[in-house]
Amino acid sequence: MSQYLDSVMETVIKRNAGEPEFHQAVKEVLETIAPVLDKHPEYVKAKIIDRIVEPERQIIFRVPWVDDKGEVQVNRGFRVQFNSAIGPYKGGIRLHPSVYLGIIKFLGFEQIFKNALTTTPIGGGKGGSDFDPKGKSDNEVMSFCQSFMTELFRHIGADTDVPAGDIGTGAREIGYMFGQYKRLSNVFTGVLTGKGLQWGGSLARKQATGYGLVYYTTRMLQDANTDWNGKNVVISGSGNVAIYANEKATSLGAKVIAMSDSNGYIVDEAGINLDIIKDLKEVRRARIKEYANIVPTAQYVEGCRGIWGVKCDVALPCATQNEINGDEATLLVNNGCKFVAEGANMPSTPDAIATFQGSGIAFGPAKAANAGGVATSALEMSQNSMRLSWSFDEVDEKLHGIMNKVYDQCTAAAEAYSEKGNLAAGANIAGFLKVAECMMAQGVV
Ligand code: NDP
Ligand code: 2IT
């Protein structure tokens, strides 16, 4: 990194003490954009980098609610409105006990560049809470969501900030949050995405992140003169992204042989039966362990990280940040894996990324590879503005087109900056250039 970027990084670490995930996300971007600054000294003069690493606004609030036993519980809520150069803040809400400011900031920071790559007019933001929906009754989840929105509603709006789902936030949580927003504001508007289909949601939004990941990976396969046919695929996680990545990859001829949750993983060499996974995860909210009780060809192994020891051609990490470390990346490479594309946000540690890139594996970075979810959220916003809804095929076709454009931007930027084939550098450079140009045009704000 240049001296200037080193000094920005130093300030980020000092100003955001105790937030290692945020430092990691910033460092990964700064390390790849030095050549852009060499070509654009005006960005340095206008302090674009110094401004881009500082959120425009950070909101932290108390979320009190009453559980089924009548006891008062207190959680902490966050919304980080990171950058609005391209459009209203846009990004999901994560509900998980590990959530703290550093997680929301890393996610919000990456969202800026991802959203820029989608070619749709959305800025970057993220929110969440350390509330754990797991094991809670519907009533408790509703009580939490209503309290969360009772503060959040004054900070968001269809043209200001539009939250959506992420880990722990699915259709149920979006429904409760939307209901409370409507009640408090007395406005029925597209203030959240991932809504139910009868009240403003978009067809294909549920599938979009997983499908988009597979469309992006298809391009990586094509560039290596191959396709999904006969490929063995390992997918971590068994939530929204993992399930629909499995569905699309399988439909294109791949065989998904392993999936996981935070407790452990299953291997089914016959190919995972996705209907059973959907029933376990989307309907019964059960543990993946149960799959092995139902399917005789499957094996369950306790501990989720062991999944990277399963031999595969393609690995799609779709669970959470830093789920693949350097050693696990080496294991994948040594077992013959040739393609890694990130469905989760920042699932590979810096060591893991270096291992993939050093071994000639094709590596698809999260900011680009998982952009299909938020892109389709932007399509939901368009439909809401026009007060109409497109068919599943129309949305899926637009999503497919967007993922192709995301891929093209990555390869073109990588080539223009002498990093041919480096999709991670290409994604950062292309995303950054667009945001930087918009910030320059809008003056020092
Ligand atoms: P879900 O809550 O639907 O599923 C999350 C899955 O990951 C579950 O299987 C969960 O297991 C597992 N998981 C979560 N946290 C951990 C952890 N700390 N350790 C091990 N496993 C864990 O979330 P999504 O599928 O929506 O999100 C998955 C990833 O994709 C996240 O990184 C998210 O930021 C990213 N993403 C999501 C998008 C979306 O549209 N939903 C868009 C782009 C990216 P368990 O049930 O046991 O907790
Ligand atoms: O990380 C992500 O891009 C998401 N969780 C989706 C955000 C959105 O606004 O749809």
# chains A, B, ... in the order shown; residues from 1 in each chain; ligands from 1
>>> residues_near_ligand(ligand="ligand 2", cutoff="6 Å", atoms="only C-alpha atoms and all ligand atoms", output="number ranges by chain")
A: 90-92, 163-166, 371, 373-374, 377
>>> residues_around(residues="range 414-419 of chain A", least_positions_apart="2", cutoff="10 Å", atoms="only C-alpha atoms", output="list in words")
Thr32, Ile33, Ala34, Pro35, Val36, Lys39, Asp408, Gln409, Cys410, Thr411, Ala412, Gly421, Asn422, Leu423, Ala424, Ala425, Gly426, Ala427, Asn428, Ile429 and Ala430 of chain A
>>> atom_distance(atom1="CA of Lys248 in chain A", atom2="CA of Trp228 in chain A")
10.2 Å
>>> select_by_dssp(residues="range 195-380 of chain A", states="strand (DSSP E or B)", output="ChimeraX atom specification")
/A:232-236,255-260,264-268,298-302,314-317,324,339-341,348,362-364
>>> residues_near_ligand(ligand="ligand 1", cutoff="6 Å", atoms="only C-alpha atoms and all ligand atoms", output="ChimeraX atom specification")
/A:165-168,209,237-242,261-263,318-321,343-345,370,373
>>> residues_around(residues="Ile60 in chain A", least_positions_apart="5", cutoff="9 Å", atoms="only C-alpha atoms", output="number ranges by chain")
A: 76-80, 101
>>> write_last_selection(atoms="N, CA and C atoms", output="PDB file, in the first residue's frame")
ATOM      1  N   ARG A  76     -29.497  -4.523  21.689  1.00  0.00           N
ATOM      2  CA  ARG A  76     -28.955  -3.289  21.119  1.00  0.00           C
ATOM      3  C   ARG A  76     -29.211  -3.291  19.616  1.00  0.00           C
ATOM      4  N   GLY A  77     -29.732  -2.193  19.106  1.00  0.00           N
ATOM      5  CA  GLY A  77     -30.007  -2.079  17.671  1.00  0.00           C
ATOM      6  C   GLY A  77     -29.008  -1.147  16.998  1.00  0.00           C
ATOM      7  N   PHE A  78     -28.742  -1.422  15.704  1.00  0.00           N
ATOM      8  CA  PHE A  78     -27.781  -0.613  14.941  1.00  0.00           C
ATOM      9  C   PHE A  78     -28.336  -0.317  13.547  1.00  0.00           C
ATOM     10  N   ARG A  79     -28.035   0.852  13.036  1.00  0.00           N
ATOM     11  CA  ARG A  79     -28.165   1.111  11.602  1.00  0.00           C
ATOM     12  C   ARG A  79     -27.000   2.017  11.225  1.00  0.00           C
ATOM     13  N   VAL A  80     -26.183   1.548  10.317  1.00  0.00           N
ATOM     14  CA  VAL A  80     -25.056   2.357   9.852  1.00  0.00           C
ATOM     15  C   VAL A  80     -25.363   2.801   8.427  1.00  0.00           C
ATOM     16  N   LEU A 101     -21.154  -3.274  16.714  1.00  0.00           N
ATOM     17  CA  LEU A 101     -20.953  -2.206  15.731  1.00  0.00           C
ATOM     18  C   LEU A 101     -19.957  -2.592  14.629  1.00  0.00           C
TER      19      LEU A 101
END
>>> select_by_dssp(residues="range 6-215 of chain A", states="alpha helix (DSSP H)", output="ChimeraX atom specification")
/A:6-15,20-39,41-45,48-52,101-117,138-152,171-185,205-215
>>> residues_around(residues="Leu184 in chain A", least_positions_apart="3", cutoff="9 Å", atoms="only C-alpha atoms", output="mmCIF file with N, CA and C atoms, in the first residue's frame")
data_model
loop_
_atom_site.group_PDB
_atom_site.id
_atom_site.type_symbol
_atom_site.label_atom_id
_atom_site.label_comp_id
_atom_site.auth_asym_id
_atom_site.auth_seq_id
_atom_site.Cartn_x
_atom_site.Cartn_y
_atom_site.Cartn_z
ATOM 1 N N MET A 149 -38.282 -1.575 15.351
ATOM 2 C CA MET A 149 -38.774 -0.611 14.359
ATOM 3 C C MET A 149 -39.286 0.668 15.018
ATOM 4 N N THR A 150 -39.687 0.586 16.282
ATOM 5 C CA THR A 150 -40.212 1.773 16.964
ATOM 6 C C THR A 150 -39.150 2.868 17.042
ATOM 7 N N PHE A 153 -37.779 3.482 12.733
ATOM 8 C CA PHE A 153 -38.668 4.044 11.703
ATOM 9 C C PHE A 153 -38.378 5.514 11.422
ATOM 10 N N GLY A 179 -45.051 -4.073 9.282
ATOM 11 C CA GLY A 179 -46.322 -3.757 9.958
ATOM 12 C C GLY A 179 -46.154 -2.625 10.959
ATOM 13 N N GLN A 180 -45.086 -2.677 11.724
ATOM 14 C CA GLN A 180 -44.869 -1.635 12.732
ATOM 15 C C GLN A 180 -44.503 -0.298 12.081
ATOM 16 N N TYR A 181 -43.728 -0.349 10.989
ATOM 17 C CA TYR A 181 -43.376 0.891 10.278
ATOM 18 C C TYR A 181 -44.649 1.580 9.767
ATOM 19 N N VAL A 187 -47.964 5.338 6.565
ATOM 20 C CA VAL A 187 -47.656 5.340 5.126
ATOM 21 C C VAL A 187 -47.411 3.908 4.680
#
>>> residues_around(residues="range 230-233 of chain A", least_positions_apart="2", cutoff="12 Å", atoms="only C-alpha atoms", output="short mmCIF file (atom, residue, chain, number, x, y, z; two decimals) with N, CA and C atoms, in the first residue's frame")
data_model
loop_
_atom_site.label_atom_id
_atom_site.label_comp_id
_atom_site.auth_asym_id
_atom_site.auth_seq_id
_atom_site.Cartn_x
_atom_site.Cartn_y
_atom_site.Cartn_z
N VAL A 214 -24.88 -18.20 -8.51
CA VAL A 214 -24.64 -19.26 -9.51
C VAL A 214 -24.47 -18.65 -10.91
N THR A 217 -20.94 -17.42 -10.93
CA THR A 217 -19.99 -18.54 -10.98
C THR A 217 -19.99 -19.20 -12.35
N THR A 218 -21.15 -19.19 -13.00
CA THR A 218 -21.24 -19.74 -14.36
C THR A 218 -20.24 -19.04 -15.28
N LEU A 221 -16.83 -20.30 -14.58
CA LEU A 221 -16.66 -21.62 -15.20
C LEU A 221 -16.43 -21.48 -16.71
N THR A 226 -15.47 -24.45 -19.05
CA THR A 226 -16.23 -25.56 -18.50
C THR A 226 -17.61 -25.08 -18.05
N ASP A 227 -18.40 -25.98 -17.44
CA ASP A 227 -19.73 -25.60 -16.96
C ASP A 227 -20.07 -26.41 -15.70
N TRP A 228 -21.32 -26.34 -15.26
CA TRP A 228 -21.72 -26.98 -14.01
C TRP A 228 -21.88 -28.50 -14.13
N ILE A 235 -21.54 -26.47 -0.32
CA ILE A 235 -22.13 -25.18 0.04
C ILE A 235 -22.23 -25.11 1.56
N SER A 236 -21.59 -24.12 2.17
CA SER A 236 -21.75 -23.98 3.63
C SER A 236 -23.02 -23.19 3.92
N ALA A 242 -27.77 -20.18 0.77
CA ALA A 242 -27.30 -21.55 0.51
C ALA A 242 -28.37 -22.37 -0.23
N ALA A 245 -28.77 -21.19 -3.88
CA ALA A 245 -27.55 -21.50 -4.65
C ALA A 245 -27.60 -22.98 -5.02
N ASN A 246 -27.97 -23.81 -4.07
CA ASN A 246 -28.11 -25.25 -4.33
C ASN A 246 -29.13 -25.49 -5.46
N GLU A 247 -30.29 -24.83 -5.33
CA GLU A 247 -31.37 -25.07 -6.30
C GLU A 247 -30.92 -24.76 -7.73
N LYS A 248 -30.26 -23.61 -7.90
CA LYS A 248 -29.87 -23.21 -9.27
C LYS A 248 -28.71 -24.06 -9.78
N ALA A 249 -27.72 -24.31 -8.92
CA ALA A 249 -26.56 -25.11 -9.37
C ALA A 249 -27.03 -26.51 -9.77
N THR A 250 -27.93 -27.08 -8.97
CA THR A 250 -28.44 -28.42 -9.27
C THR A 250 -29.19 -28.42 -10.60
N SER A 251 -29.98 -27.36 -10.83
CA SER A 251 -30.76 -27.30 -12.08
C SER A 251 -29.85 -27.19 -13.30
N LEU A 252 -28.61 -26.74 -13.08
CA LEU A 252 -27.67 -26.61 -14.20
C LEU A 252 -26.75 -27.83 -14.32
N GLY A 253 -27.06 -28.87 -13.56
CA GLY A 253 -26.31 -30.12 -13.75
C GLY A 253 -25.27 -30.44 -12.69
N ALA A 254 -25.15 -29.57 -11.68
CA ALA A 254 -24.17 -29.85 -10.62
C ALA A 254 -24.76 -30.80 -9.59
N LYS A 255 -23.89 -31.38 -8.76
CA LYS A 255 -24.35 -32.21 -7.65
C LYS A 255 -23.84 -31.58 -6.35
N VAL A 256 -24.78 -31.10 -5.52
CA VAL A 256 -24.39 -30.51 -4.24
C VAL A 256 -24.29 -31.64 -3.22
N ILE A 257 -23.09 -31.85 -2.66
CA ILE A 257 -22.88 -33.03 -1.81
C ILE A 257 -22.73 -32.69 -0.33
N ALA A 258 -22.61 -31.40 0.01
CA ALA A 258 -22.50 -31.06 1.44
C ALA A 258 -23.11 -29.70 1.72
N MET A 259 -23.78 -29.60 2.87
CA MET A 259 -24.31 -28.32 3.38
C MET A 259 -24.14 -28.33 4.90
N VAL A 267 -22.99 -34.71 4.65
CA VAL A 267 -22.45 -35.08 3.35
C VAL A 267 -23.39 -36.14 2.78
N ASP A 268 -23.83 -35.92 1.54
CA ASP A 268 -24.68 -36.89 0.86
C ASP A 268 -24.14 -37.04 -0.56
N GLU A 269 -23.33 -38.05 -0.75
CA GLU A 269 -22.65 -38.23 -2.05
C GLU A 269 -23.65 -38.48 -3.18
N ALA A 270 -24.89 -38.86 -2.82
CA ALA A 270 -25.92 -39.08 -3.84
C ALA A 270 -26.49 -37.74 -4.34
N GLY A 271 -26.10 -36.65 -3.68
CA GLY A 271 -26.67 -35.34 -4.02
C GLY A 271 -27.74 -35.00 -3.00
N ILE A 272 -27.63 -33.82 -2.41
CA ILE A 272 -28.55 -33.45 -1.33
C ILE A 272 -29.97 -33.26 -1.86
N ILE A 307 -16.53 -28.95 7.00
CA ILE A 307 -17.10 -29.05 5.64
C ILE A 307 -16.05 -28.76 4.57
N TRP A 308 -15.04 -27.95 4.90
CA TRP A 308 -14.03 -27.60 3.88
C TRP A 308 -13.06 -28.75 3.61
N VAL A 310 -14.33 -31.63 2.73
CA VAL A 310 -15.05 -32.49 1.77
C VAL A 310 -14.56 -32.18 0.35
N LYS A 311 -14.11 -33.22 -0.34
CA LYS A 311 -13.53 -33.05 -1.69
C LYS A 311 -14.59 -32.52 -2.66
N CYS A 312 -14.26 -31.45 -3.39
CA CYS A 312 -15.24 -30.88 -4.33
C CYS A 312 -14.54 -30.15 -5.47
N ASP A 313 -15.31 -29.83 -6.51
CA ASP A 313 -14.81 -29.03 -7.63
C ASP A 313 -15.08 -27.54 -7.40
N VAL A 314 -16.24 -27.26 -6.77
CA VAL A 314 -16.67 -25.87 -6.56
C VAL A 314 -17.07 -25.72 -5.10
N ALA A 315 -16.58 -24.66 -4.45
CA ALA A 315 -16.99 -24.37 -3.06
C ALA A 315 -17.71 -23.04 -3.03
N LEU A 316 -18.89 -23.03 -2.42
CA LEU A 316 -19.67 -21.80 -2.29
C LEU A 316 -19.93 -21.52 -0.81
N PRO A 317 -19.07 -20.74 -0.16
CA PRO A 317 -19.31 -20.40 1.24
C PRO A 317 -20.52 -19.46 1.35
N LEU A 332 -8.91 -27.17 0.76
CA LEU A 332 -9.74 -27.16 -0.46
C LEU A 332 -8.87 -27.31 -1.70
N ASN A 335 -7.38 -30.70 -2.15
CA ASN A 335 -8.38 -31.70 -2.52
C ASN A 335 -8.91 -31.51 -3.94
N GLY A 336 -8.35 -30.53 -4.65
CA GLY A 336 -8.68 -30.40 -6.07
C GLY A 336 -9.77 -29.38 -6.40
N CYS A 337 -10.21 -28.61 -5.41
CA CYS A 337 -11.23 -27.58 -5.69
C CYS A 337 -10.65 -26.54 -6.66
N LYS A 338 -11.44 -26.16 -7.66
CA LYS A 338 -10.92 -25.24 -8.70
C LYS A 338 -11.66 -23.89 -8.72
N PHE A 339 -12.81 -23.82 -8.06
CA PHE A 339 -13.62 -22.59 -8.11
C PHE A 339 -14.17 -22.29 -6.71
N VAL A 340 -13.98 -21.07 -6.26
CA VAL A 340 -14.58 -20.63 -5.00
C VAL A 340 -15.31 -19.33 -5.27
N ALA A 341 -16.60 -19.29 -4.96
CA ALA A 341 -17.35 -18.03 -5.12
C ALA A 341 -18.12 -17.78 -3.83
#
>>> atom_distance(atom1="CA of Gly200 in chain A", atom2="CA of Asn139 in chain A")
23.6 Å
>>> atom_distance(atom1="CA of Gly70 in chain A", atom2="CA of Ser98 in chain A")
24.7 Å
>>> closest_residue(among="A:Lys136, A:Arg51, A:Lys105, A:Lys289", to="Gln24 in chain A", atoms="only C-alpha atoms")
A:Lys105
>>> residues_around(residues="Ala46 in chain A", least_positions_apart="2", cutoff="10 Å", atoms="only C-alpha atoms", output="count of residues only")
13
>>> residues_around(residues="Ser382 in chain A", least_positions_apart="5", cutoff="12 Å", atoms="only C-alpha atoms", output="PyMOL selection string")
chain A and resi 120-122+158-159+189-191+193+200-202+375-377+387-390+395
>>> write_last_selection(atoms="N, CA and C atoms", output="short mmCIF file (atom, residue, chain, number, x, y, z; two decimals), in the first residue's frame")
data_model
loop_
_atom_site.label_atom_id
_atom_site.label_comp_id
_atom_site.auth_asym_id
_atom_site.auth_seq_id
_atom_site.Cartn_x
_atom_site.Cartn_y
_atom_site.Cartn_z
N THR A 120 -27.57 -0.40 -10.23
CA THR A 120 -28.84 0.19 -9.82
C THR A 120 -28.55 1.34 -8.85
N PRO A 121 -29.50 2.29 -8.70
CA PRO A 121 -29.20 3.51 -7.93
C PRO A 121 -29.41 3.34 -6.43
N ILE A 122 -28.48 2.68 -5.76
CA ILE A 122 -28.59 2.48 -4.31
C ILE A 122 -27.26 2.73 -3.62
N ALA A 158 -38.55 5.24 2.11
CA ALA A 158 -38.40 4.68 0.76
C ALA A 158 -37.37 5.44 -0.08
N ASP A 159 -37.16 6.75 0.23
CA ASP A 159 -36.15 7.52 -0.51
C ASP A 159 -34.96 7.88 0.37
N THR A 189 -45.57 2.07 2.08
CA THR A 189 -44.55 2.41 1.09
C THR A 189 -43.47 1.34 1.06
N GLY A 190 -42.65 1.37 0.02
CA GLY A 190 -41.61 0.35 -0.12
C GLY A 190 -40.39 0.64 0.73
N VAL A 191 -40.59 0.72 2.02
CA VAL A 191 -39.51 1.09 2.94
C VAL A 191 -38.59 -0.08 3.28
N THR A 193 -37.34 -4.15 1.69
CA THR A 193 -37.47 -5.12 0.60
C THR A 193 -37.40 -6.53 1.16
N GLY A 200 -46.37 -6.04 -1.82
CA GLY A 200 -45.29 -5.21 -2.37
C GLY A 200 -43.97 -5.92 -2.59
N GLY A 201 -43.91 -7.20 -2.23
CA GLY A 201 -42.67 -7.94 -2.46
C GLY A 201 -42.47 -8.27 -3.92
N SER A 202 -41.23 -8.62 -4.27
CA SER A 202 -40.94 -8.98 -5.67
C SER A 202 -40.78 -10.47 -5.79
N ALA A 375 -29.40 -6.44 -5.68
CA ALA A 375 -29.82 -5.95 -7.00
C ALA A 375 -31.32 -6.18 -7.18
N THR A 376 -31.78 -7.36 -6.75
CA THR A 376 -33.21 -7.67 -6.89
C THR A 376 -34.04 -6.86 -5.87
N SER A 377 -33.43 -6.50 -4.76
CA SER A 377 -34.09 -5.55 -3.86
C SER A 377 -34.32 -4.22 -4.58
N ARG A 387 -45.77 0.94 -8.84
CA ARG A 387 -47.01 0.28 -8.37
C ARG A 387 -47.46 -0.82 -9.33
N LEU A 388 -46.47 -1.66 -9.69
CA LEU A 388 -46.81 -2.84 -10.49
C LEU A 388 -45.85 -3.95 -10.13
N SER A 389 -46.14 -5.16 -10.60
CA SER A 389 -45.18 -6.22 -10.32
C SER A 389 -44.87 -7.03 -11.56
N TRP A 390 -43.59 -7.33 -11.72
CA TRP A 390 -43.13 -8.11 -12.86
C TRP A 390 -43.29 -9.60 -12.55
N VAL A 395 -38.18 -10.83 -13.65
CA VAL A 395 -37.22 -10.43 -12.61
C VAL A 395 -35.95 -11.28 -12.74
#
>>> closest_residue(among="A:Gly157, A:Gly194, A:Gly210, A:Gly102", to="Gly175 in chain A", atoms="only C-alpha atoms")
A:Gly194
